[in-house]
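Okay, data-v8.pdb is below, PDB, C-alpha atoms:
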ATOM      1  CA  MET H   6     226.803 202.302  83.172
ATOM      2  CA  ALA H   7     227.251 200.755  86.637
ATOM      3  CA  GLU H   8     225.519 202.496  89.520
ATOM      4  CA  GLN H   9     227.657 204.104  92.165
ATOM      5  CA  ASP H  10     227.584 202.548  95.669
ATOM      6  CA  VAL H  11     224.409 203.932  97.313
ATOM      7  CA  SER H  12     226.274 204.407 100.607
ATOM      8  CA  LYS H  13     228.439 206.997  98.821
ATOM      9  CA  ARG H  14     225.472 208.998  97.501
ATOM     10  CA  ILE H  15     222.425 210.794  98.786
ATOM     11  CA  VAL H  16     219.392 209.911  96.688
ATOM     12  CA  VAL H  17     215.962 211.475  97.165
ATOM     13  CA  ARG H  18     213.058 210.046  95.178
ATOM     14  CA  ILE H  19     209.786 211.939  95.346
ATOM     15  CA  TYR H  20     206.653 210.104  94.229
ATOM     16  CA  VAL H  21     203.852 212.288  92.868
ATOM     17  CA  ALA H  22     200.483 211.827  91.185
ATOM     18  CA  GLU H  23     198.505 214.055  88.857
ATOM     19  CA  HIS H  24     195.392 214.104  91.076
ATOM     20  CA  CYS H  25     197.393 215.102  94.175
ATOM     21  CA  GLN H  26     196.877 218.753  95.152
ATOM     22  CA  ALA H  27     199.827 218.726  97.573
ATOM     23  CA  CYS H  28     202.047 217.519  94.720
ATOM     24  CA  GLU H  29     201.752 220.904  93.016
ATOM     25  CA  HIS H  30     203.890 222.303  95.848
ATOM     26  CA  THR H  31     206.263 219.328  95.632
ATOM     27  CA  TYR H  32     207.979 220.758  92.550
ATOM     28  CA  GLN H  33     208.882 223.919  94.510
ATOM     29  CA  VAL H  34     210.215 221.776  97.357
ATOM     30  CA  ALA H  35     212.306 219.801  94.856
ATOM     31  CA  GLU H  36     213.788 222.988  93.398
ATOM     32  CA  SER H  37     214.697 224.178  96.880
ATOM     33  CA  ILE H  38     216.418 220.868  97.623
ATOM     34  CA  ARG H  39     218.360 221.146  94.362
ATOM     35  CA  ALA H  40     219.392 224.727  95.173
ATOM     36  CA  HIS H  41     220.442 224.107  98.783
ATOM     37  CA  PHE H  42     221.815 220.573  98.493
ATOM     38  CA  PRO H  43     223.470 220.237  95.072
ATOM     39  CA  GLN H  44     225.162 217.007  96.170
ATOM     40  CA  VAL H  45     221.755 215.280  96.463
ATOM     41  CA  GLU H  46     220.644 213.186  93.509
ATOM     42  CA  LEU H  47     216.942 214.026  93.206
ATOM     43  CA  HIS H  48     214.309 212.220  91.142
ATOM     44  CA  ILE H  49     210.624 213.059  90.799
ATOM     45  CA  VAL H  50     208.626 209.965  89.903
ATOM     46  CA  ASP H  51     205.126 210.416  88.482
ATOM     47  CA  LEU H  52     203.117 207.318  89.381
ATOM     48  CA  ALA H  53     201.012 207.633  86.211
ATOM     49  CA  THR H  54     203.923 207.568  83.778
ATOM     50  CA  THR H  55     206.795 205.707  85.412
ATOM     51  CA  GLN H  56     208.008 202.356  84.135
ATOM     52  CA  GLU H  57     209.806 201.541  87.392
ATOM     53  CA  THR H  58     208.414 199.308  90.103
ATOM     54  CA  ILE H  59     206.820 201.381  92.837
ATOM     55  CA  PRO H  60     208.049 200.449  96.327
ATOM     56  CA  GLU H  61     205.258 199.143  98.557
ATOM     57  CA  GLU H  62     206.078 201.897 101.056
ATOM     58  CA  VAL H  63     204.610 204.383  98.571
ATOM     59  CA  PHE H  64     200.888 204.386  99.283
ATOM     60  CA  ALA H  65     200.201 208.137  99.239
ATOM     61  CA  THR H  66     201.538 211.165  97.411
ATOM     62  CA  PRO H  67     203.759 212.955  97.744
ATOM     63  CA  THR H  68     206.084 210.421  99.340
ATOM     64  CA  TYR H  69     209.764 211.235  99.835
ATOM     65  CA  LEU H  70     212.323 208.445 100.012
ATOM     66  CA  LEU H  71     215.858 209.140 101.215
ATOM     67  CA  ASN H  72     218.262 206.412 100.082
ATOM     68  CA  GLY H  73     215.351 203.990  99.695
ATOM     69  CA  ARG H  74     213.655 204.685 103.032
ATOM     70  CA  VAL H  75     210.519 206.719 103.637
ATOM     71  CA  TRP H  76     211.552 210.131 104.831
ATOM     72  CA  SER H  77     208.290 212.065 104.566
ATOM     73  CA  LEU H  78     204.665 211.383 103.727
ATOM     74  CA  GLY H  79     203.603 214.775 102.448
ATOM     75  CA  ASN H  80     205.828 217.765 101.792
ATOM     76  CA  PRO H  81     208.464 218.289 104.486
ATOM     77  CA  SER H  82     208.983 221.714 106.044
ATOM     78  CA  PRO H  83     212.117 223.717 105.259
ATOM     79  CA  GLU H  84     213.359 222.865 108.764
ATOM     80  CA  GLU H  85     212.846 219.129 108.170
ATOM     81  CA  ILE H  86     214.699 219.369 104.877
ATOM     82  CA  ALA H  87     217.603 221.274 106.413
ATOM     83  CA  THR H  88     217.881 218.855 109.323
ATOM     84  CA  ARG H  89     217.476 215.571 107.464
ATOM     85  CA  LEU H  90     219.528 216.380 104.384
ATOM     86  CA  GLY H  91     222.076 218.322 106.422
ATOM     87  CA  GLN H  92     222.644 215.200 108.539
ATOM     88  CA  ALA H  93     222.915 213.024 105.434
ATOM     89  CA  VAL H  94     225.434 215.387 103.829
ATOM     90  CA  GLN H  95     227.449 215.610 107.037
ATOM     91  CA  ALA H  96     227.532 211.813 107.367
ATOM     92  CA  LEU H  97     228.661 211.499 103.762
ATOM     93  CA  THR H  98     231.370 214.144 104.093
ATOM     94  CA  SER H  99     232.626 212.668 107.369
ATOM     95  CA  GLU H 100     233.303 209.443 105.446
ATOM     96  CA  GLY H 101     236.000 211.262 103.495
ATOM     97  CA  SER H 102     234.025 212.664 100.599
ATOM     98  CA  SER H 103     234.929 216.146  99.434
ATOM     99  CA  SER H 104     231.335 217.163  98.650
ATOM    100  CA  PRO H 105     230.553 220.797  99.390
ATOM    101  CA  ARG H 106     228.520 221.693 102.471
ATOM    102  CA  PRO H 107     224.880 222.697 101.956
ATOM    103  CA  HIS H 108     224.090 226.317 101.328
ATOM    104  CA  ARG H 109     222.695 228.314 104.244
ATOM    105  CA  ARG H 110     219.064 229.307 104.069
ATOM    106  CA  ASP H 111     217.879 232.771 104.975
ATOM    107  CA  GLU H 112     214.354 234.053 105.593
ATOM    108  CA  GLU H 113     213.698 234.739 101.899
ATOM    109  CA  ASP H 114     214.647 231.184 100.916
ATOM    110  CA  THR H 115     211.805 229.707 102.964
ATOM    111  CA  ALA H 116     209.109 231.672 101.089
ATOM    112  CA  TRP H 117     208.427 228.645  98.855
ATOM    113  CA  HIS H 118     207.079 226.790 101.902
ATOM    114  CA  ARG H 119     204.256 229.231 102.635
TER     115      ARG H 119
END

Would you write the structure of this file as structure tokens?
Amino acid sequence: MAEQDVSKRIVVRIYVAEHCQACEHTYQVAESIRAHFPQVELHIVDLATTQETIPEEVFATPTYLLNGRVWSLGNPSPEEIATRLGQAVQALTSEGSSSPRPHRRDEEDTAWHR
């Protein structure tokens, strides 16, 4: 199956490692991204088990890549997620895509960050 043009998608790859204590929280962050930004294609890559080539930019875990570029070293805050992915979604939808807008967060939705 041919891959879709990356400029027409939003892809987040999160690199994790078993020994990484901060990575335990990463799975909650990933679920929040999935819930609030369903148009984002999200992949969690475990460095111990992956068969893919690890980008040289990944030297610590967790590392978040947004469309192939480092977005965050460590888990981003809910505000960083809303800003960065909100901008990416808006840019994508302004190009003529009919993707839905991200869901709004309320105070209860940010509890995963604490």

Among listed residues H:Asn80, H:Gln33, H:Ser99, H:Gln92, nearest Thr66 in chain H (using only C-alpha atoms) |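 Smallest distance to Thr66 in chain H is found for H:Asn80.
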
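The coordinates place CA of Pro67 in chain H at 9.5 Å from CA of His30 in chain H.
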
Could you name the residues that touch Trp76 in chain H at 9 Å or less, counting only C-alpha atoms, but leaving out those on the same chain fewer than 6 positions away, as number ranges by chain?
-> H: 17, 68-70, 89

State, in Å with one decimal place, the distance from CA of Leu78 in chain H to CA of Ile15 in chain H.
->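 CA of Ile15 in chain H lies at a distance of 18.4 Å from CA of Leu78 in chain H.
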
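One distance worth recording is that between CA of Ile86 in chain H and CA of Val21 in chain H, which is 17.7 Å.
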
Counting all atoms listed in the file, the residue of H:Cys28, H:Ala22, H:Ala35, H:Val94 that sits nearest Gly79 in chain H |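 Using all atoms listed in the file, the shortest distance to Gly79 in chain H belongs to H:Cys28.
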
With distances taken over only C-alpha atoms, which of H:Leu47, H:Val75, H:Ala96, H:Ala40 is nearest to Pro60 in chain H?
->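 Checking each of H:Leu47, H:Val75, H:Ala96, H:Ala40 against Pro60 in chain H, counting only C-alpha atoms, the winner is H:Val75.
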
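For the choices H:Glu57, H:Arg14, H:Gln26, H:Pro83, the atom-to-atom distance to Pro43 in chain H is smallest for H:Arg14 when using all atoms listed in the file.
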
Output requested as an mmCIF file, keeping the file's coordinate frame - range 31-63 of chain H, filled out with N, CA and C atoms.
data_model
loop_
_atom_site.group_PDB
_atom_site.id
_atom_site.type_symbol
_atom_site.label_atom_id
_atom_site.label_comp_id
_atom_site.auth_asym_id
_atom_site.auth_seq_id
_atom_site.Cartn_x
_atom_site.Cartn_y
_atom_site.Cartn_z
ATOM 1 N N THR H 31 205.101 220.213 95.605
ATOM 2 C CA THR H 31 206.263 219.328 95.632
ATOM 3 C C THR H 31 207.359 219.787 94.682
ATOM 4 N N TYR H 32 206.977 220.315 93.528
ATOM 5 C CA TYR H 32 207.979 220.758 92.550
ATOM 6 C C TYR H 32 208.787 221.946 93.095
ATOM 7 N N GLN H 33 208.156 222.815 93.875
ATOM 8 C CA GLN H 33 208.882 223.919 94.510
ATOM 9 C C GLN H 33 209.829 223.386 95.583
ATOM 10 N N VAL H 34 209.362 222.399 96.338
ATOM 11 C CA VAL H 34 210.215 221.776 97.357
ATOM 12 C C VAL H 34 211.429 221.137 96.683
ATOM 13 N N ALA H 35 211.204 220.444 95.578
ATOM 14 C CA ALA H 35 212.306 219.801 94.856
ATOM 15 C C ALA H 35 213.332 220.828 94.379
ATOM 16 N N GLU H 36 212.860 221.943 93.855
ATOM 17 C CA GLU H 36 213.788 222.988 93.398
ATOM 18 C C GLU H 36 214.598 223.559 94.562
ATOM 19 N N SER H 37 213.968 223.698 95.704
ATOM 20 C CA SER H 37 214.697 224.178 96.880
ATOM 21 C C SER H 37 215.765 223.180 97.310
ATOM 22 N N ILE H 38 215.428 221.895 97.283
ATOM 23 C CA ILE H 38 216.418 220.868 97.623
ATOM 24 C C ILE H 38 217.585 220.938 96.648
ATOM 25 N N ARG H 39 217.280 221.050 95.365
ATOM 26 C CA ARG H 39 218.360 221.146 94.362
ATOM 27 C C ARG H 39 219.244 222.361 94.601
ATOM 28 N N ALA H 40 218.632 223.489 94.964
ATOM 29 C CA ALA H 40 219.392 224.727 95.173
ATOM 30 C C ALA H 40 220.259 224.665 96.431
ATOM 31 N N HIS H 41 219.737 224.095 97.504
ATOM 32 C CA HIS H 41 220.442 224.107 98.783
ATOM 33 C C HIS H 41 221.329 222.890 99.018
ATOM 34 N N PHE H 42 221.048 221.805 98.321
ATOM 35 C CA PHE H 42 221.815 220.573 98.493
ATOM 36 C C PHE H 42 222.193 220.014 97.118
ATOM 37 N N PRO H 43 223.120 220.679 96.432
ATOM 38 C CA PRO H 43 223.470 220.237 95.072
ATOM 39 C C PRO H 43 224.095 218.840 95.024
ATOM 40 N N GLN H 44 224.564 218.344 96.143
ATOM 41 C CA GLN H 44 225.162 217.007 96.170
ATOM 42 C C GLN H 44 224.105 215.897 96.256
ATOM 43 N N VAL H 45 222.836 216.262 96.407
ATOM 44 C CA VAL H 45 221.755 215.280 96.463
ATOM 45 C C VAL H 45 221.283 214.940 95.053
ATOM 46 N N GLU H 46 221.193 213.663 94.771
ATOM 47 C CA GLU H 46 220.644 213.186 93.509
ATOM 48 C C GLU H 46 219.127 213.095 93.703
ATOM 49 N N LEU H 47 218.375 213.915 92.988
ATOM 50 C CA LEU H 47 216.942 214.026 93.206
ATOM 51 C C LEU H 47 216.166 213.561 91.983
ATOM 52 N N HIS H 48 215.155 212.730 92.216
ATOM 53 C CA HIS H 48 214.309 212.220 91.142
ATOM 54 C C HIS H 48 212.852 212.446 91.524
ATOM 55 N N ILE H 49 212.070 212.972 90.607
ATOM 56 C CA ILE H 49 210.624 213.059 90.799
ATOM 57 C C ILE H 49 210.011 211.964 89.944
ATOM 58 N N VAL H 50 209.221 211.113 90.581
ATOM 59 C CA VAL H 50 208.626 209.965 89.903
ATOM 60 C C VAL H 50 207.108 210.149 89.865
ATOM 61 N N ASP H 51 206.567 210.287 88.661
ATOM 62 C CA ASP H 51 205.126 210.416 88.482
ATOM 63 C C ASP H 51 204.543 209.006 88.392
ATOM 64 N N LEU H 52 203.666 208.670 89.319
ATOM 65 C CA LEU H 52 203.117 207.318 89.381
ATOM 66 C C LEU H 52 202.356 206.936 88.116
ATOM 67 N N ALA H 53 201.800 207.920 87.416
ATOM 68 C CA ALA H 53 201.012 207.633 86.211
ATOM 69 C C ALA H 53 201.870 207.288 84.998
ATOM 70 N N THR H 54 203.113 207.743 84.982
ATOM 71 C CA THR H 54 203.923 207.568 83.778
ATOM 72 C C THR H 54 205.184 206.736 83.962
ATOM 73 N N THR H 55 205.537 206.410 85.188
ATOM 74 C CA THR H 55 206.795 205.707 85.412
ATOM 75 C C THR H 55 206.731 204.258 84.952
ATOM 76 N N GLN H 56 207.866 203.756 84.518
ATOM 77 C CA GLN H 56 208.008 202.356 84.135
ATOM 78 C C GLN H 56 208.651 201.551 85.268
ATOM 79 N N GLU H 57 209.131 202.240 86.299
ATOM 80 C CA GLU H 57 209.806 201.541 87.392
ATOM 81 C C GLU H 57 208.793 200.926 88.355
ATOM 82 N N THR H 58 209.238 199.930 89.085
ATOM 83 C CA THR H 58 208.414 199.308 90.103
ATOM 84 C C THR H 58 208.285 200.268 91.277
ATOM 85 N N ILE H 59 207.067 200.469 91.724
ATOM 86 C CA ILE H 59 206.820 201.381 92.837
ATOM 87 C C ILE H 59 207.019 200.615 94.145
ATOM 88 N N PRO H 60 207.861 201.130 95.042
ATOM 89 C CA PRO H 60 208.049 200.449 96.327
ATOM 90 C C PRO H 60 206.725 200.373 97.096
ATOM 91 N N GLU H 61 206.521 199.295 97.831
ATOM 92 C CA GLU H 61 205.258 199.143 98.557
ATOM 93 C C GLU H 61 205.089 200.191 99.652
ATOM 94 N N GLU H 62 206.163 200.832 100.057
ATOM 95 C CA GLU H 62 206.078 201.897 101.056
ATOM 96 C C GLU H 62 205.359 203.131 100.518
ATOM 97 N N VAL H 63 205.254 203.234 99.208
ATOM 98 C CA VAL H 63 204.610 204.383 98.571
ATOM 99 C C VAL H 63 203.130 204.068 98.411
#
